[in-house]
Every structure is written in C-alpha cells, then in structure tokens.
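One structure is given below, encoded as structure tokens.
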Amino acid sequence: MLVGSSTEKLDALGRSLGLPEERWLAVAAALSQPEGARQVLGAALAKFGQVDILLHLVGGHIGGKPVPQVTEDEISTMLRQHLWTTFHLAQLLMPHMSANGWGRLIVITSPSA
C-alpha cells in the first residue's frame, strides 16, 4: 500500500514497481489527522484483509536556520509531519498487528524521504 498526498504520484509510483494491480493500492490521505490514518487502515483491511508491516517514510525539514530564527509555525509543521503522522498510524495499526500475532513498525525520518 502506498500512502501520500497525491493520488497521481502514488499511482505512477505503483505502476513503476511492476507489480500486479492486486498486489498494491494507492491511497491519498492526510496522516497528520486521525481520520487520515483511519482511512488508510480501512483501505488496507478492505483490500488485503490484514496489516503486518508499516514502513513509514517521512520527509521534509526546515533545517538551515539558527534556532532563534525558527518560528513556532515551522516547528508545528515539523511535528505534524513527523510525530503526528507516525503516532496516528501506530495507534491504529499496532492493535491489528497484535491481533494477528505478528507485526513490524519501521519509521524512517529524513529530509529527503
């Protein structure tokens, strides 16, 4: 399952993987909101029946500024992007992984992810 903000980009990525259509799904969702994570979980369960692994690649950053020049809005954006997206997904997916008796949650944050 591919999740991001642009359905068009996700579809292009999915097609480029060369997998049969039944093996992947693209979902555009705002993961910084709990509803976005619920949307992703619902789509994953509807298509695949269970969730075993979450590989959450989070990108973007505001680097290059001295701390006194960083605004609260910039920090809030970073927290929404990195912390809240990860938290919302983990909070919803971990119980399903536990119920399956197995699961993995892998989170990688990088400016270029």
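For the structure tokens, the naming scheme is as follows: chains receive sequential letters (A, B, ...) according to their order of presentation, residues are indexed from 1 within each chain, and ligands are indexed from 1 in presentation order.
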Query raised in the report: Using only C-alpha atoms, which residues sit within 10 Å of region 8-14 of chain A once same-chain residues fewer than 2 positions away are excluded, as an MDAnalysis selection string?
Result: chainID A and resid 1:6 16:21 23:28
Serialized selection, all heavy atoms, as a short mmCIF file (atom, residue, chain, number, x, y, z; two decimals), in the first residue's frame:
```cif
data_model
loop_
_atom_site.label_atom_id
_atom_site.label_comp_id
_atom_site.auth_asym_id
_atom_site.auth_seq_id
_atom_site.Cartn_x
_atom_site.Cartn_y
_atom_site.Cartn_z
N MET A 1 0.84 -1.15 0.00
CA MET A 1 0.00 0.00 0.00
C MET A 1 0.90 1.22 0.00
O MET A 1 1.84 1.31 0.78
CB MET A 1 -0.89 -0.02 1.24
CG MET A 1 -1.76 1.19 1.38
SD MET A 1 -2.86 0.98 2.77
CE MET A 1 -4.34 1.53 2.02
N LEU A 2 0.58 2.16 -0.87
CA LEU A 2 1.33 3.41 -0.95
C LEU A 2 0.42 4.54 -0.46
O LEU A 2 -0.71 4.66 -0.91
CB LEU A 2 1.74 3.68 -2.41
CG LEU A 2 2.55 2.58 -3.08
CD1 LEU A 2 2.68 2.85 -4.57
CD2 LEU A 2 3.90 2.44 -2.43
N VAL A 3 0.93 5.34 0.45
CA VAL A 3 0.13 6.43 1.03
C VAL A 3 0.90 7.73 0.90
O VAL A 3 2.10 7.78 1.16
CB VAL A 3 -0.19 6.16 2.51
CG1 VAL A 3 -1.02 7.29 3.10
CG2 VAL A 3 -0.89 4.83 2.68
N GLY A 4 0.22 8.77 0.51
CA GLY A 4 0.82 10.09 0.39
C GLY A 4 -0.26 11.11 0.15
O GLY A 4 -1.45 10.83 0.35
N SER A 5 0.13 12.27 -0.31
CA SER A 5 -0.83 13.35 -0.50
C SER A 5 -1.33 13.47 -1.94
O SER A 5 -2.31 14.14 -2.19
CB SER A 5 -0.23 14.68 -0.05
OG SER A 5 0.95 14.94 -0.79
N SER A 6 -0.68 12.80 -2.89
CA SER A 6 -1.04 12.93 -4.30
C SER A 6 -1.37 11.57 -4.91
O SER A 6 -0.48 10.74 -5.10
CB SER A 6 0.11 13.57 -5.09
OG SER A 6 -0.10 13.46 -6.48
N SER A 16 5.11 1.93 -11.63
CA SER A 16 6.55 1.78 -11.91
C SER A 16 7.15 0.57 -11.18
O SER A 16 8.22 0.09 -11.57
CB SER A 16 7.31 3.05 -11.53
OG SER A 16 7.47 3.15 -10.12
N LEU A 17 6.50 0.08 -10.15
CA LEU A 17 7.02 -1.07 -9.41
C LEU A 17 6.88 -2.38 -10.18
O LEU A 17 7.54 -3.37 -9.85
CB LEU A 17 6.31 -1.18 -8.05
CG LEU A 17 6.53 -0.03 -7.08
CD1 LEU A 17 5.64 -0.20 -5.85
CD2 LEU A 17 7.99 0.07 -6.68
N GLY A 18 6.01 -2.38 -11.17
CA GLY A 18 5.84 -3.58 -11.98
C GLY A 18 5.08 -4.70 -11.30
O GLY A 18 5.15 -5.85 -11.73
N LEU A 19 4.38 -4.40 -10.23
CA LEU A 19 3.60 -5.41 -9.52
C LEU A 19 2.20 -5.50 -10.13
O LEU A 19 1.68 -4.52 -10.65
CB LEU A 19 3.45 -5.03 -8.04
CG LEU A 19 4.72 -4.98 -7.22
CD1 LEU A 19 4.44 -4.38 -5.84
CD2 LEU A 19 5.33 -6.36 -7.09
N PRO A 20 1.59 -6.68 -10.05
CA PRO A 20 0.20 -6.79 -10.50
C PRO A 20 -0.69 -5.85 -9.67
O PRO A 20 -0.43 -5.63 -8.48
CB PRO A 20 -0.16 -8.25 -10.23
CG PRO A 20 1.12 -8.96 -9.99
CD PRO A 20 2.11 -7.94 -9.55
N GLU A 21 -1.74 -5.34 -10.27
CA GLU A 21 -2.63 -4.37 -9.60
C GLU A 21 -3.18 -4.89 -8.28
O GLU A 21 -3.41 -4.12 -7.36
CB GLU A 21 -3.77 -3.98 -10.53
CG GLU A 21 -3.32 -3.24 -11.76
CD GLU A 21 -3.79 -1.80 -11.78
OE1 GLU A 21 -4.67 -1.44 -10.99
OE2 GLU A 21 -3.25 -1.05 -12.61
N ARG A 23 -1.71 -6.47 -6.06
CA ARG A 23 -0.67 -6.51 -5.04
C ARG A 23 -0.37 -5.17 -4.40
O ARG A 23 0.42 -5.07 -3.47
CB ARG A 23 0.64 -7.06 -5.63
CG ARG A 23 0.56 -8.45 -6.20
CD ARG A 23 0.73 -9.56 -5.18
NE ARG A 23 1.74 -9.37 -4.19
CZ ARG A 23 3.00 -9.78 -4.28
NH1 ARG A 23 3.41 -10.42 -5.33
NH2 ARG A 23 3.82 -9.57 -3.29
N TRP A 24 -0.96 -4.07 -4.93
CA TRP A 24 -0.69 -2.76 -4.36
C TRP A 24 -1.95 -1.89 -4.43
O TRP A 24 -2.86 -2.15 -5.19
CB TRP A 24 0.50 -2.07 -5.03
CG TRP A 24 0.30 -1.73 -6.48
CD1 TRP A 24 0.50 -2.56 -7.55
CD2 TRP A 24 -0.13 -0.48 -7.01
NE1 TRP A 24 0.21 -1.90 -8.71
CE2 TRP A 24 -0.18 -0.62 -8.41
CE3 TRP A 24 -0.49 0.74 -6.45
CZ2 TRP A 24 -0.56 0.42 -9.25
CZ3 TRP A 24 -0.87 1.77 -7.29
CH2 TRP A 24 -0.90 1.60 -8.67
N LEU A 25 -1.94 -0.86 -3.60
CA LEU A 25 -3.05 0.08 -3.52
C LEU A 25 -2.49 1.45 -3.19
O LEU A 25 -1.61 1.57 -2.33
CB LEU A 25 -4.03 -0.36 -2.42
CG LEU A 25 -5.19 0.56 -2.09
CD1 LEU A 25 -6.14 0.68 -3.28
CD2 LEU A 25 -5.93 0.05 -0.86
N ALA A 26 -2.96 2.48 -3.86
CA ALA A 26 -2.54 3.86 -3.58
C ALA A 26 -3.68 4.59 -2.89
O ALA A 26 -4.82 4.54 -3.35
CB ALA A 26 -2.17 4.57 -4.89
N VAL A 27 -3.37 5.25 -1.79
CA VAL A 27 -4.37 6.00 -1.03
C VAL A 27 -3.81 7.37 -0.69
O VAL A 27 -2.75 7.47 -0.07
CB VAL A 27 -4.76 5.27 0.28
CG1 VAL A 27 -5.73 6.10 1.09
CG2 VAL A 27 -5.33 3.89 -0.03
N ALA A 28 -4.52 8.41 -1.08
CA ALA A 28 -4.15 9.77 -0.68
C ALA A 28 -4.87 10.07 0.63
O ALA A 28 -6.09 9.94 0.73
CB ALA A 28 -4.54 10.78 -1.75
#
```
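Omitting Asn100 (chain A) and its sequence neighbours fewer than 3 positions away, and counting only C-alpha atoms, the residues within 8 Å are Gln50, Asp52, His96, Met97 and Gly103 of chain A.
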Include N, CA, C and O atoms and write out the residues we just selected as a PDB file, in the first residue's frame.
```
ATOM      1  N   GLN A  50      -5.602  -7.724   6.270  1.00  0.00           N
ATOM      2  CA  GLN A  50      -4.823  -7.533   7.489  1.00  0.00           C
ATOM      3  C   GLN A  50      -3.637  -6.623   7.203  1.00  0.00           C
ATOM      4  O   GLN A  50      -3.321  -6.352   6.051  1.00  0.00           O
ATOM      5  N   ASP A  52       0.409  -6.293   8.342  1.00  0.00           N
ATOM      6  CA  ASP A  52       1.529  -6.950   9.024  1.00  0.00           C
ATOM      7  C   ASP A  52       2.700  -6.012   9.260  1.00  0.00           C
ATOM      8  O   ASP A  52       3.402  -6.140  10.247  1.00  0.00           O
ATOM      9  N   HIS A  96      -4.034  -4.100  15.434  1.00  0.00           N
ATOM     10  CA  HIS A  96      -4.299  -5.097  14.395  1.00  0.00           C
ATOM     11  C   HIS A  96      -3.124  -6.047  14.252  1.00  0.00           C
ATOM     12  O   HIS A  96      -3.315  -7.254  14.075  1.00  0.00           O
ATOM     13  N   MET A  97      -1.912  -5.520  14.346  1.00  0.00           N
ATOM     14  CA  MET A  97      -0.731  -6.381  14.279  1.00  0.00           C
ATOM     15  C   MET A  97      -0.694  -7.329  15.468  1.00  0.00           C
ATOM     16  O   MET A  97      -0.385  -8.512  15.323  1.00  0.00           O
ATOM     17  N   GLY A 103       3.789  -8.473  13.777  1.00  0.00           N
ATOM     18  CA  GLY A 103       3.777  -7.207  13.056  1.00  0.00           C
ATOM     19  C   GLY A 103       5.071  -6.449  13.277  1.00  0.00           C
ATOM     20  O   GLY A 103       5.811  -6.727  14.212  1.00  0.00           O
TER      21      GLY A 103
END
```
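Distances here use only C-alpha atoms; by that measure, the residue among A:Leu31, A:Ala43, A:Val67, A:Val58 closest to His88 (chain A) is A:Leu31.
What separates CA of Gln39 (chain A) from CA of Arg15 (chain A) is a distance of 21.8 Å.
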**Report entry** Which of region 8-102 of chain A DSSP labels strand (DSSP E), written as number ranges by chain
**Finding:** A: 26-28, 53-58
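Rounded to one decimal, CA of Ile108 (chain A) and CA of Ala44 (chain A) lie 20.6 Å from each other.
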Query raised in the report: Which distance in Å separates CA of Arg104 (chain A) and CA of Leu55 (chain A), to one decimal?
Result: 8.2 Å
**Report entry** Nearest candidate to Leu105 (chain A) (options A:Ala29, A:Leu89, A:Ile75, A:Leu45; using only C-alpha atoms)
**Finding:** A:Leu89
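The smallest atom-to-atom distance between Pro95 (chain A) and any of A:Ala30, A:Leu83, A:Leu41, A:Ser110, using only C-alpha atoms, is found for A:Leu41.
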**Report entry** DSSP helix (DSSP H, G or I) selection over chain A, as a ChimeraX atom specification
**Finding:** /A:7-16,21-23,34-48,67-69,72-100
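Restricting the calculation to only C-alpha atoms, the smallest distance between Gln81 (chain A) and any of A:Ala46, A:Met94, A:Gln33, A:Ile53 is found for A:Gln33.
Residues surrounding region 60-66 of chain A within 10 Å are Val70, Thr71, Glu74, Ile75, Thr77, Met78, Gln81, His82, Thr109, Ser110, Pro111, Ser112 and Ala113 of chain A [only C-alpha atoms; sequence separation below 4 positions excluded].
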